[in-house]
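Quick look at coords-v3.cif (mmCIF, C-alpha atoms):
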```cif
data_run
#
loop_
_atom_site.group_PDB
_atom_site.id
_atom_site.type_symbol
_atom_site.label_atom_id
_atom_site.label_comp_id
_atom_site.auth_asym_id
_atom_site.auth_seq_id
_atom_site.Cartn_x
_atom_site.Cartn_y
_atom_site.Cartn_z
ATOM 1 C CA LEU A 1 -3.304 -9.136 -2.641
ATOM 2 C CA ALA A 2 -3.590 -5.682 -1.067
ATOM 3 C CA MET A 3 -6.206 -4.653 -3.599
ATOM 4 C CA GLU A 4 -8.255 -7.784 -2.976
ATOM 5 C CA SER A 5 -7.963 -7.249 0.782
ATOM 6 C CA VAL A 6 -9.116 -3.635 0.572
ATOM 7 C CA ALA A 7 -12.026 -4.595 -1.680
ATOM 8 C CA THR A 8 -13.057 -7.281 0.783
ATOM 9 C CA ALA A 9 -12.754 -4.864 3.709
ATOM 10 C CA PHE A 10 -15.143 -2.430 1.990
ATOM 11 C CA ARG A 11 -17.509 -5.292 1.124
ATOM 12 C CA MET A 12 -16.878 -4.973 -2.597
ATOM 13 C CA PRO A 13 -16.771 -7.941 -4.978
ATOM 14 C CA SER A 14 -13.447 -9.086 -6.382
ATOM 15 C CA PRO A 15 -12.274 -6.518 -8.969
ATOM 16 C CA LEU A 16 -10.363 -9.125 -11.023
ATOM 17 C CA ASN A 17 -11.028 -12.749 -11.841
ATOM 18 C CA ALA A 18 -8.515 -15.575 -11.535
ATOM 19 C CA MET A 19 -7.420 -15.583 -15.189
ATOM 20 C CA GLN A 20 -6.796 -11.856 -15.175
ATOM 21 C CA ILE A 21 -4.662 -12.131 -12.036
ATOM 22 C CA LEU A 22 -2.622 -14.929 -13.616
ATOM 23 C CA TRP A 23 -2.171 -12.845 -16.777
ATOM 24 C CA ILE A 24 -0.857 -9.923 -14.733
ATOM 25 C CA ASN A 25 1.538 -12.032 -12.640
ATOM 26 C CA ILE A 26 2.964 -14.183 -15.436
ATOM 27 C CA ILE A 27 2.761 -12.196 -18.681
ATOM 28 C CA MET A 28 2.543 -8.505 -17.789
ATOM 29 C CA ASP A 29 5.054 -8.503 -14.908
ATOM 30 C CA GLY A 30 7.510 -11.003 -16.354
ATOM 31 C CA PRO A 31 8.997 -9.570 -19.586
ATOM 32 C CA PRO A 32 9.221 -5.906 -18.465
ATOM 33 C CA ALA A 33 10.801 -6.865 -15.136
ATOM 34 C CA GLN A 34 13.334 -9.183 -16.775
ATOM 35 C CA SER A 35 14.295 -6.590 -19.391
ATOM 36 C CA LEU A 36 15.061 -4.090 -16.623
ATOM 37 C CA GLY A 37 17.967 -6.354 -15.707
ATOM 38 C CA VAL A 38 19.790 -5.366 -18.918
ATOM 39 C CA GLU A 39 19.270 -1.628 -18.443
ATOM 40 C CA PRO A 40 22.464 0.292 -19.389
ATOM 41 C CA VAL A 41 24.544 1.138 -16.337
ATOM 42 C CA ASP A 42 24.525 4.791 -15.337
ATOM 43 C CA GLU A 43 27.885 6.599 -15.211
ATOM 44 C CA LYS A 44 27.143 7.683 -11.639
ATOM 45 C CA VAL A 45 26.975 4.053 -10.622
ATOM 46 C CA LEU A 46 30.341 3.330 -12.263
ATOM 47 C CA ARG A 47 31.985 6.259 -10.458
ATOM 48 C CA ALA A 48 30.400 5.467 -7.097
ATOM 49 C CA ALA A 49 32.399 3.834 -4.335
ATOM 50 C CA PRO A 50 31.794 0.128 -3.702
ATOM 51 C CA ARG A 51 28.987 -0.681 -1.302
ATOM 52 C CA LYS A 52 29.909 -1.957 2.117
ATOM 53 C CA VAL A 53 29.056 -5.505 3.106
ATOM 54 C CA THR A 54 26.883 -4.155 5.903
ATOM 55 C CA ASP A 55 24.896 -1.840 3.607
ATOM 56 C CA PRO A 56 21.264 -2.997 3.315
ATOM 57 C CA ILE A 57 19.727 -4.031 0.007
ATOM 58 C CA VAL A 58 16.259 -2.740 0.919
ATOM 59 C CA THR A 59 16.769 0.894 1.923
ATOM 60 C CA ARG A 60 14.290 3.368 3.331
ATOM 61 C CA ALA A 61 14.146 5.249 0.016
ATOM 62 C CA LEU A 62 13.373 2.035 -1.857
ATOM 63 C CA LEU A 63 10.575 1.198 0.561
ATOM 64 C CA ILE A 64 9.077 4.676 0.210
ATOM 65 C CA ARG A 65 9.104 4.436 -3.584
ATOM 66 C CA ALA A 66 7.589 0.954 -3.599
ATOM 67 C CA VAL A 67 4.857 1.687 -1.061
ATOM 68 C CA SER A 68 3.851 5.027 -2.622
ATOM 69 C CA SER A 69 3.632 3.541 -6.130
ATOM 70 C CA ALA A 70 1.648 0.544 -4.896
ATOM 71 C CA ALA A 71 -0.742 2.795 -2.976
ATOM 72 C CA LEU A 72 -1.391 4.975 -6.033
ATOM 73 C CA ILE A 73 -1.923 2.000 -8.353
ATOM 74 C CA MET A 74 -4.275 0.346 -5.894
ATOM 75 C CA THR A 75 -6.233 3.579 -5.375
ATOM 76 C CA LEU A 76 -6.665 4.230 -9.094
ATOM 77 C CA THR A 77 -7.706 0.655 -9.825
ATOM 78 C CA LEU A 78 -10.251 0.472 -7.021
ATOM 79 C CA TRP A 79 -11.609 3.910 -7.907
ATOM 80 C CA VAL A 80 -12.265 2.832 -11.498
ATOM 81 C CA PHE A 81 -13.862 -0.369 -10.257
ATOM 82 C CA SER A 82 -16.135 1.487 -7.810
ATOM 83 C CA VAL A 83 -17.216 3.960 -10.489
ATOM 84 C CA GLU A 84 -18.012 1.195 -12.973
ATOM 85 C CA LEU A 85 -19.783 -0.856 -10.291
ATOM 86 C CA ASP A 86 -22.837 1.399 -10.230
ATOM 87 C CA ASP A 87 -25.546 -1.273 -10.013
ATOM 88 C CA GLY A 88 -23.796 -3.558 -7.531
ATOM 89 C CA HIS A 89 -23.400 -6.371 -10.071
ATOM 90 C CA VAL A 90 -20.036 -7.174 -11.645
ATOM 91 C CA THR A 91 -20.166 -7.151 -15.441
ATOM 92 C CA ARG A 92 -17.544 -7.793 -18.081
ATOM 93 C CA ARG A 93 -17.135 -4.079 -18.632
ATOM 94 C CA ASP A 94 -16.447 -3.520 -14.927
ATOM 95 C CA THR A 95 -13.674 -6.089 -14.766
ATOM 96 C CA THR A 96 -12.274 -5.053 -18.155
ATOM 97 C CA MET A 97 -11.937 -1.400 -17.140
ATOM 98 C CA THR A 98 -10.351 -2.426 -13.839
ATOM 99 C CA PHE A 99 -8.084 -4.942 -15.540
ATOM 100 C CA MET A 100 -6.925 -2.436 -18.150
ATOM 101 C CA THR A 101 -6.284 0.272 -15.556
ATOM 102 C CA PHE A 102 -4.142 -1.996 -13.412
ATOM 103 C CA VAL A 103 -2.108 -3.242 -16.375
ATOM 104 C CA ASN A 104 -1.466 0.273 -17.686
ATOM 105 C CA CYS A 105 -0.385 1.472 -14.245
ATOM 106 C CA ASP A 106 1.949 -1.501 -14.054
ATOM 107 C CA LEU A 107 3.538 -0.687 -17.419
ATOM 108 C CA PHE A 108 4.013 2.994 -16.570
ATOM 109 C CA ASN A 109 5.541 2.011 -13.257
ATOM 110 C CA ALA A 110 7.963 -0.332 -15.032
ATOM 111 C CA TYR A 111 9.135 2.548 -17.216
ATOM 112 C CA ALA A 112 9.617 4.760 -14.142
ATOM 113 C CA CYS A 113 11.725 2.034 -12.517
ATOM 114 C CA ARG A 114 14.370 2.255 -15.245
ATOM 115 C CA SER A 115 16.257 4.784 -13.142
ATOM 116 C CA SER A 116 16.300 5.597 -9.437
ATOM 117 C CA ASP A 117 17.159 9.287 -9.910
ATOM 118 C CA LYS A 118 16.220 10.262 -13.489
ATOM 119 C CA CYS A 119 12.685 11.231 -14.487
ATOM 120 C CA PHE A 120 10.898 9.396 -17.274
ATOM 121 C CA TYR A 121 11.450 12.221 -19.791
ATOM 122 C CA GLU A 122 15.197 12.150 -19.102
ATOM 123 C CA ILE A 123 15.515 8.516 -20.170
ATOM 124 C CA SER A 124 15.722 7.588 -23.823
ATOM 125 C CA PRO A 125 13.076 5.000 -24.728
ATOM 126 C CA PHE A 126 15.547 3.440 -27.197
ATOM 127 C CA SER A 127 18.493 3.011 -24.793
ATOM 128 C CA ASN A 128 17.215 -0.420 -23.730
ATOM 129 C CA PRO A 129 15.904 -2.342 -26.781
ATOM 130 C CA PRO A 130 14.886 -5.463 -24.792
ATOM 131 C CA PHE A 131 12.728 -3.320 -22.523
ATOM 132 C CA LEU A 132 11.129 -1.634 -25.538
ATOM 133 C CA TRP A 133 10.317 -5.005 -27.106
ATOM 134 C CA ALA A 134 8.966 -6.295 -23.804
ATOM 135 C CA MET A 135 6.657 -3.284 -23.507
ATOM 136 C CA LEU A 136 5.429 -3.705 -27.081
ATOM 137 C CA PHE A 137 4.822 -7.403 -26.444
ATOM 138 C CA SER A 138 2.869 -6.615 -23.270
ATOM 139 C CA VAL A 139 0.735 -3.966 -24.942
ATOM 140 C CA ALA A 140 0.010 -6.210 -27.936
ATOM 141 C CA GLY A 141 -0.904 -9.089 -25.638
ATOM 142 C CA GLN A 142 -3.180 -6.884 -23.585
ATOM 143 C CA PHE A 143 -5.037 -5.686 -26.683
ATOM 144 C CA CYS A 144 -5.465 -9.288 -27.808
ATOM 145 C CA VAL A 145 -7.020 -10.153 -24.459
ATOM 146 C CA ILE A 146 -9.420 -7.212 -24.748
ATOM 147 C CA TYR A 147 -10.371 -7.352 -28.452
ATOM 148 C CA PHE A 148 -9.754 -10.946 -29.661
ATOM 149 C CA PRO A 149 -13.038 -12.876 -29.242
ATOM 150 C CA PRO A 150 -11.551 -16.265 -28.240
ATOM 151 C CA LEU A 151 -9.471 -14.603 -25.530
ATOM 152 C CA GLN A 152 -12.437 -12.496 -24.462
ATOM 153 C CA ALA A 153 -14.252 -15.691 -23.585
ATOM 154 C CA VAL A 154 -11.301 -16.969 -21.559
ATOM 155 C CA PHE A 155 -10.566 -13.762 -19.633
ATOM 156 C CA GLN A 156 -14.186 -12.552 -19.401
ATOM 157 C CA THR A 157 -13.454 -9.204 -21.060
ATOM 158 C CA GLU A 158 -15.134 -7.026 -23.639
ATOM 159 C CA ALA A 159 -13.993 -4.429 -26.150
ATOM 160 C CA LEU A 160 -13.504 -0.889 -24.871
ATOM 161 C CA SER A 161 -14.094 2.325 -26.772
ATOM 162 C CA SER A 162 -11.383 4.846 -27.613
ATOM 163 C CA SER A 163 -12.708 7.232 -24.969
ATOM 164 C CA ASP A 164 -12.374 4.492 -22.352
ATOM 165 C CA LEU A 165 -8.790 3.875 -23.406
ATOM 166 C CA MET A 166 -7.956 7.586 -23.246
ATOM 167 C CA LEU A 167 -9.417 7.811 -19.748
ATOM 168 C CA ILE A 168 -7.395 4.803 -18.613
ATOM 169 C CA VAL A 169 -4.177 6.183 -20.103
ATOM 170 C CA CYS A 170 -4.694 9.579 -18.448
ATOM 171 C CA LEU A 171 -5.362 8.001 -15.062
ATOM 172 C CA SER A 172 -2.537 5.481 -15.179
ATOM 173 C CA SER A 173 -0.004 8.065 -16.398
ATOM 174 C CA THR A 174 -0.225 9.723 -12.978
ATOM 175 C CA VAL A 175 2.233 7.029 -11.906
ATOM 176 C CA LEU A 176 4.852 8.897 -13.950
ATOM 177 C CA LEU A 177 3.753 12.171 -12.349
ATOM 178 C CA LEU A 178 4.230 10.702 -8.884
ATOM 179 C CA ASP A 179 7.662 9.410 -9.847
ATOM 180 C CA THR A 180 8.662 12.858 -11.143
ATOM 181 C CA VAL A 181 7.563 14.544 -7.920
ATOM 182 C CA ARG A 182 9.583 12.074 -5.868
ATOM 183 C CA LYS A 183 12.757 12.504 -7.925
ATOM 184 C CA LYS A 184 12.553 16.284 -8.282
ATOM 185 C CA PHE A 185 11.140 17.502 -4.974
ATOM 186 C CA LEU A 186 11.551 14.615 -2.513
ATOM 187 C CA LYS A 187 15.086 13.461 -3.242
ATOM 188 C CA GLN A 188 16.107 13.391 0.405
ATOM 189 C CA TYR A 189 13.419 10.823 1.147
ATOM 190 C CA CYS A 190 13.083 8.879 -2.102
ATOM 191 C CA THR A 191 16.637 8.684 -3.458
ATOM 192 C CA ASP A 192 19.530 6.722 -2.041
ATOM 193 C CA GLY A 193 22.633 8.713 -1.235
ATOM 194 C CA LYS A 194 25.767 8.724 0.862
ATOM 195 C CA ARG A 195 24.169 10.562 3.745
ATOM 196 C CA ARG A 196 21.000 8.494 3.780
ATOM 197 C CA ARG A 197 20.873 5.130 5.462
ATOM 198 C CA SER A 198 18.067 2.712 6.039
ATOM 199 C CA VAL A 199 16.332 2.179 9.336
ATOM 200 C CA PHE A 200 17.931 -1.263 9.608
ATOM 201 C CA SER A 201 21.462 0.079 9.205
ATOM 202 C CA ARG A 202 20.820 2.741 11.838
ATOM 203 C CA LEU A 203 19.693 0.105 14.304
ATOM 204 C CA ARG A 204 22.778 -1.974 13.563
ATOM 205 C CA GLY A 205 24.956 1.114 13.998
ATOM 206 C CA LYS A 206 23.477 1.814 17.420
ATOM 207 C CA LYS A 207 24.126 -1.778 18.464
ATOM 208 C CA ARG A 208 27.736 -1.573 17.277
ATOM 209 C CA VAL A 209 28.289 1.709 19.143
ATOM 210 C CA GLY A 210 26.784 0.261 22.318
ATOM 211 C CA GLY A 211 28.898 -2.868 22.041
ATOM 212 C CA GLY A 212 32.028 -0.798 21.407
ATOM 213 C CA LYS A 213 31.425 1.296 24.526
ATOM 214 C CA ARG A 214 31.035 -1.844 26.614
ATOM 215 C CA ARG A 215 34.288 -3.273 25.232
ATOM 216 C CA VAL A 216 36.122 -0.015 25.996
ATOM 217 C CA ARG A 217 34.873 -0.073 29.597
ATOM 218 C CA LYS A 218 35.960 -3.703 30.010
ATOM 219 C CA GLY A 219 39.378 -2.882 28.558
ATOM 220 C CA LYS A 220 39.878 0.020 30.945
ATOM 221 C CA ALA A 221 38.830 -2.090 33.917
ATOM 222 C CA HIS A 222 41.235 -4.852 32.876
ATOM 223 C CA ARG A 223 44.171 -2.429 32.532
ATOM 224 C CA GLN A 224 43.424 -0.787 35.852
ATOM 225 C CA GLY A 225 42.832 -3.992 37.844
ATOM 226 C CA GLY A 226 45.354 -6.282 36.163
ATOM 227 C CA PRO A 227 48.480 -7.540 37.962
ATOM 228 C CA LYS A 228 51.564 -5.356 37.757
ATOM 229 C CA LYS A 229 54.974 -6.787 36.999
ATOM 230 C CA LYS A 230 57.576 -6.709 39.748
ATOM 231 C CA ALA A 231 61.022 -5.251 39.290
ATOM 232 C CA SER A 232 62.578 -8.682 39.901
ATOM 233 C CA ASP A 233 60.500 -10.197 37.109
ATOM 234 C CA VAL A 234 61.652 -7.526 34.761
ATOM 235 C CA SER A 235 65.314 -8.009 35.661
ATOM 236 C CA GLN A 236 65.083 -11.795 35.246
ATOM 237 C CA SER A 237 63.402 -11.625 31.839
ATOM 238 C CA PRO A 238 65.707 -12.584 28.938
ATOM 239 C CA THR A 239 67.105 -9.758 26.839
#
```
Taking this structure as input, can you express it in the form of structure tokens?
Amino acid sequence: LAMESVATAFRMPSPLNAMQILWINIIMDGPPAQSLGVEPVDEKVLRAAPRKVTDPIVTRALLIRAVSSAALIMTLTLWVFSVELDDGHVTRRDTTMTFMTFVNCDLFNAYACRSSDKCFYEISPFSNPPFLWAMLFSVAGQFCVIYFPPLQAVFQTEALSSSDLMLIVCLSSTVLLLDTVRKKFLKQYCTDGKRRRSVFSRLRGKKRVGGGKRRVRKGKAHRQGGPKKKASDVSQSPT
């Protein structure tokens, strides 16, 4: 949606057609995302203390990772589309190059999401067989859409040369480079930790502190202004 909005804002035609968008949402995003759910649990997670009930699910680090990856993928895809759109008319090659770039960026990003603190070269590609099969299925399906004539007619694509594929792979692999920079040099901003809290939790903490101070003031006022017991009442009380 963001990519379509930016293209519309710059008065560019739609970079992807309806069938290509459906293919990305249903086929390309589905199997890799589902296979990430069976990723082996890291030992650090097993040794970590339980999360509090008040801890947020969407943290600031998670938002930074998601927004930065989405911005890079959108920039690369629109850049390829603008370069291919040299005559102002959308052709099959234009949408195919854009389509292939977006899908490759999506697959590289899925691999980077296997761990929140380990770089892609620190993760074994064979540690999660379902994810490996999902990636192979996605790549095979994408090649069928690009090179199988009946599917070319459905998705409005055309065959790409090996040089085009190499260019797309080089561009889309920068998603892994961005992920490495975040995990190696920007840990304090892009990795969740004990000392890092989200913006939402900080706001809730300020509210709790303010409410606690008000309760303390009310308690002090009640103790100072409350009725005092008389000596006769104390003497008459049962022992």
(message) Need the shell around segment 47-63 of chain A: protein/DNA/RNA residues with any atom at most 6 Å away, counting all atoms listed in the file. Skip same-chain ones fewer than 2 positions apart. Format as a ChimeraX atom specification?
(response) /A:44-45,65-67,189-192,198
Segment 46-93 of chain A near segment 141-158 of chain A within 10 Å: what's each residue's closest atom pair and its distance in Å to one decimal, counting only C-alpha atoms, ordered by chain then ascending residue number, as a tab-separated table?
```
residue	atom	partner	partner_atom	distance
A:Thr91	CA	A:Gln156	CA	9.0
A:Arg92	CA	A:Thr157	CA	5.3
A:Arg93	CA	A:Glu158	CA	6.1
```
(request) For atom CA of Trp79 of chain A and atom CA of Leu165 of chain A, determine how far apart the two atoms are, in Å to one decimal place. (result)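 Separation between atom CA of Trp79 of chain A and atom CA of Leu165 of chain A: 15.8 Å.
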(message) Restricting the calculation to only C-alpha atoms: of A:Glu4, A:Asp29, A:Glu84, A:Asp179, which residue gets closest to Ser115 of chain A?
(response) A:Asp179
(request) Can you work out the spacing between atom CA of Phe108 of chain A and atom CA of Ser172 of chain A in Å, to one decimal? (result) 7.1 Å
(request) Write out as a ChimeraX atom specification the residues lying within 8 Å of Thr101 of chain A, counting only C-alpha atoms and excluding same-chain residues fewer than 4 positions away. (result) /A:76-77,80,97,105,168-169,171-172
(request) Provide the atom CA of Ile123 of chain A to atom CA of Ala70 of chain A distance in Å, to one decimal place. (result)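 Separation of atom CA of Ile123 of chain A and atom CA of Ala70 of chain A: 22.1 Å.
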(message) List the spatial neighbours of segment 130-135 of chain A as JSON, numbers by chain - criterion: any atom at most 12 Å away, all atoms listed in the file, same-chain residues fewer than 4 positions off excluded.
(response) {"A": [27, 28, 29, 30, 31, 32, 33, 34, 35, 36, 37, 38, 39, 40, 103, 104, 106, 107, 108, 109, 110, 111, 113, 114, 124, 125, 126, 139, 140, 141, 142]}
(message) Please determine, counting all atoms listed in the file, which residue among A:Ser69, A:Val181, A:Gly88, A:Leu136 has the shortest atom-to-atom distance to Arg11 of chain A.
(response)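 The closest residue to Arg11 of chain A is A:Gly88.
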(request) Please evaluate the PyMOL selection byres ((chain A and resi 180) around 10) against the displayed coordinates and give the resulting residues as a list in words. (result)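 Applied to this file, the PyMOL selection byres ((chain A and resi 180) around 10) selects Ala112, Asp117, Lys118, Cys119, Phe120, Tyr121, Thr174, Val175, Leu176, Leu177, Leu178, Asp179, Val181, Arg182, Lys183, Lys184, Phe185 and Leu186 of chain A.
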(request) Between A:Ala159, A:Ile73, A:Phe137, A:Ser68, single out the one closest to Thr95 of chain A, counting all atoms listed in the file. (result)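 Using all atoms listed in the file, the shortest distance to Thr95 of chain A belongs to A:Ala159.
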Would you fill out segment 157-169 of chain A with N, CA and C atoms and return it as a PDB file, in the coordinates of the input?
```
ATOM      1  N   THR A 157     -13.627 -10.620 -20.760  1.00  0.00           N
ATOM      2  CA  THR A 157     -13.454  -9.204 -21.060  1.00  0.00           C
ATOM      3  C   THR A 157     -14.355  -8.816 -22.228  1.00  0.00           C
ATOM      4  N   GLU A 158     -14.400  -7.527 -22.484  1.00  0.00           N
ATOM      5  CA  GLU A 158     -15.134  -7.026 -23.639  1.00  0.00           C
ATOM      6  C   GLU A 158     -14.392  -5.828 -24.209  1.00  0.00           C
ATOM      7  N   ALA A 159     -14.695  -5.514 -25.465  1.00  0.00           N
ATOM      8  CA  ALA A 159     -13.993  -4.429 -26.150  1.00  0.00           C
ATOM      9  C   ALA A 159     -14.338  -3.088 -25.513  1.00  0.00           C
ATOM     10  N   LEU A 160     -13.335  -2.230 -25.423  1.00  0.00           N
ATOM     11  CA  LEU A 160     -13.504  -0.889 -24.871  1.00  0.00           C
ATOM     12  C   LEU A 160     -13.443   0.141 -25.984  1.00  0.00           C
ATOM     13  N   SER A 161     -14.100   1.253 -25.784  1.00  0.00           N
ATOM     14  CA  SER A 161     -14.094   2.325 -26.772  1.00  0.00           C
ATOM     15  C   SER A 161     -12.808   3.145 -26.655  1.00  0.00           C
ATOM     16  N   SER A 162     -12.578   3.996 -27.637  1.00  0.00           N
ATOM     17  CA  SER A 162     -11.383   4.846 -27.613  1.00  0.00           C
ATOM     18  C   SER A 162     -11.416   5.839 -26.457  1.00  0.00           C
ATOM     19  N   SER A 163     -12.602   6.319 -26.112  1.00  0.00           N
ATOM     20  CA  SER A 163     -12.708   7.232 -24.969  1.00  0.00           C
ATOM     21  C   SER A 163     -12.362   6.521 -23.659  1.00  0.00           C
ATOM     22  N   ASP A 164     -12.744   5.258 -23.540  1.00  0.00           N
ATOM     23  CA  ASP A 164     -12.374   4.492 -22.352  1.00  0.00           C
ATOM     24  C   ASP A 164     -10.859   4.324 -22.263  1.00  0.00           C
ATOM     25  N   LEU A 165     -10.242   4.046 -23.400  1.00  0.00           N
ATOM     26  CA  LEU A 165      -8.790   3.875 -23.406  1.00  0.00           C
ATOM     27  C   LEU A 165      -8.076   5.177 -23.057  1.00  0.00           C
ATOM     28  N   MET A 166      -8.572   6.297 -23.566  1.00  0.00           N
ATOM     29  CA  MET A 166      -7.956   7.586 -23.246  1.00  0.00           C
ATOM     30  C   MET A 166      -8.079   7.896 -21.763  1.00  0.00           C
ATOM     31  N   LEU A 167      -9.236   7.591 -21.178  1.00  0.00           N
ATOM     32  CA  LEU A 167      -9.417   7.811 -19.748  1.00  0.00           C
ATOM     33  C   LEU A 167      -8.449   6.950 -18.941  1.00  0.00           C
ATOM     34  N   ILE A 168      -8.295   5.702 -19.333  1.00  0.00           N
ATOM     35  CA  ILE A 168      -7.395   4.803 -18.613  1.00  0.00           C
ATOM     36  C   ILE A 168      -5.951   5.268 -18.729  1.00  0.00           C
ATOM     37  N   VAL A 169      -5.554   5.706 -19.914  1.00  0.00           N
ATOM     38  CA  VAL A 169      -4.177   6.183 -20.103  1.00  0.00           C
ATOM     39  C   VAL A 169      -3.915   7.436 -19.271  1.00  0.00           C
TER      40      VAL A 169
END
```
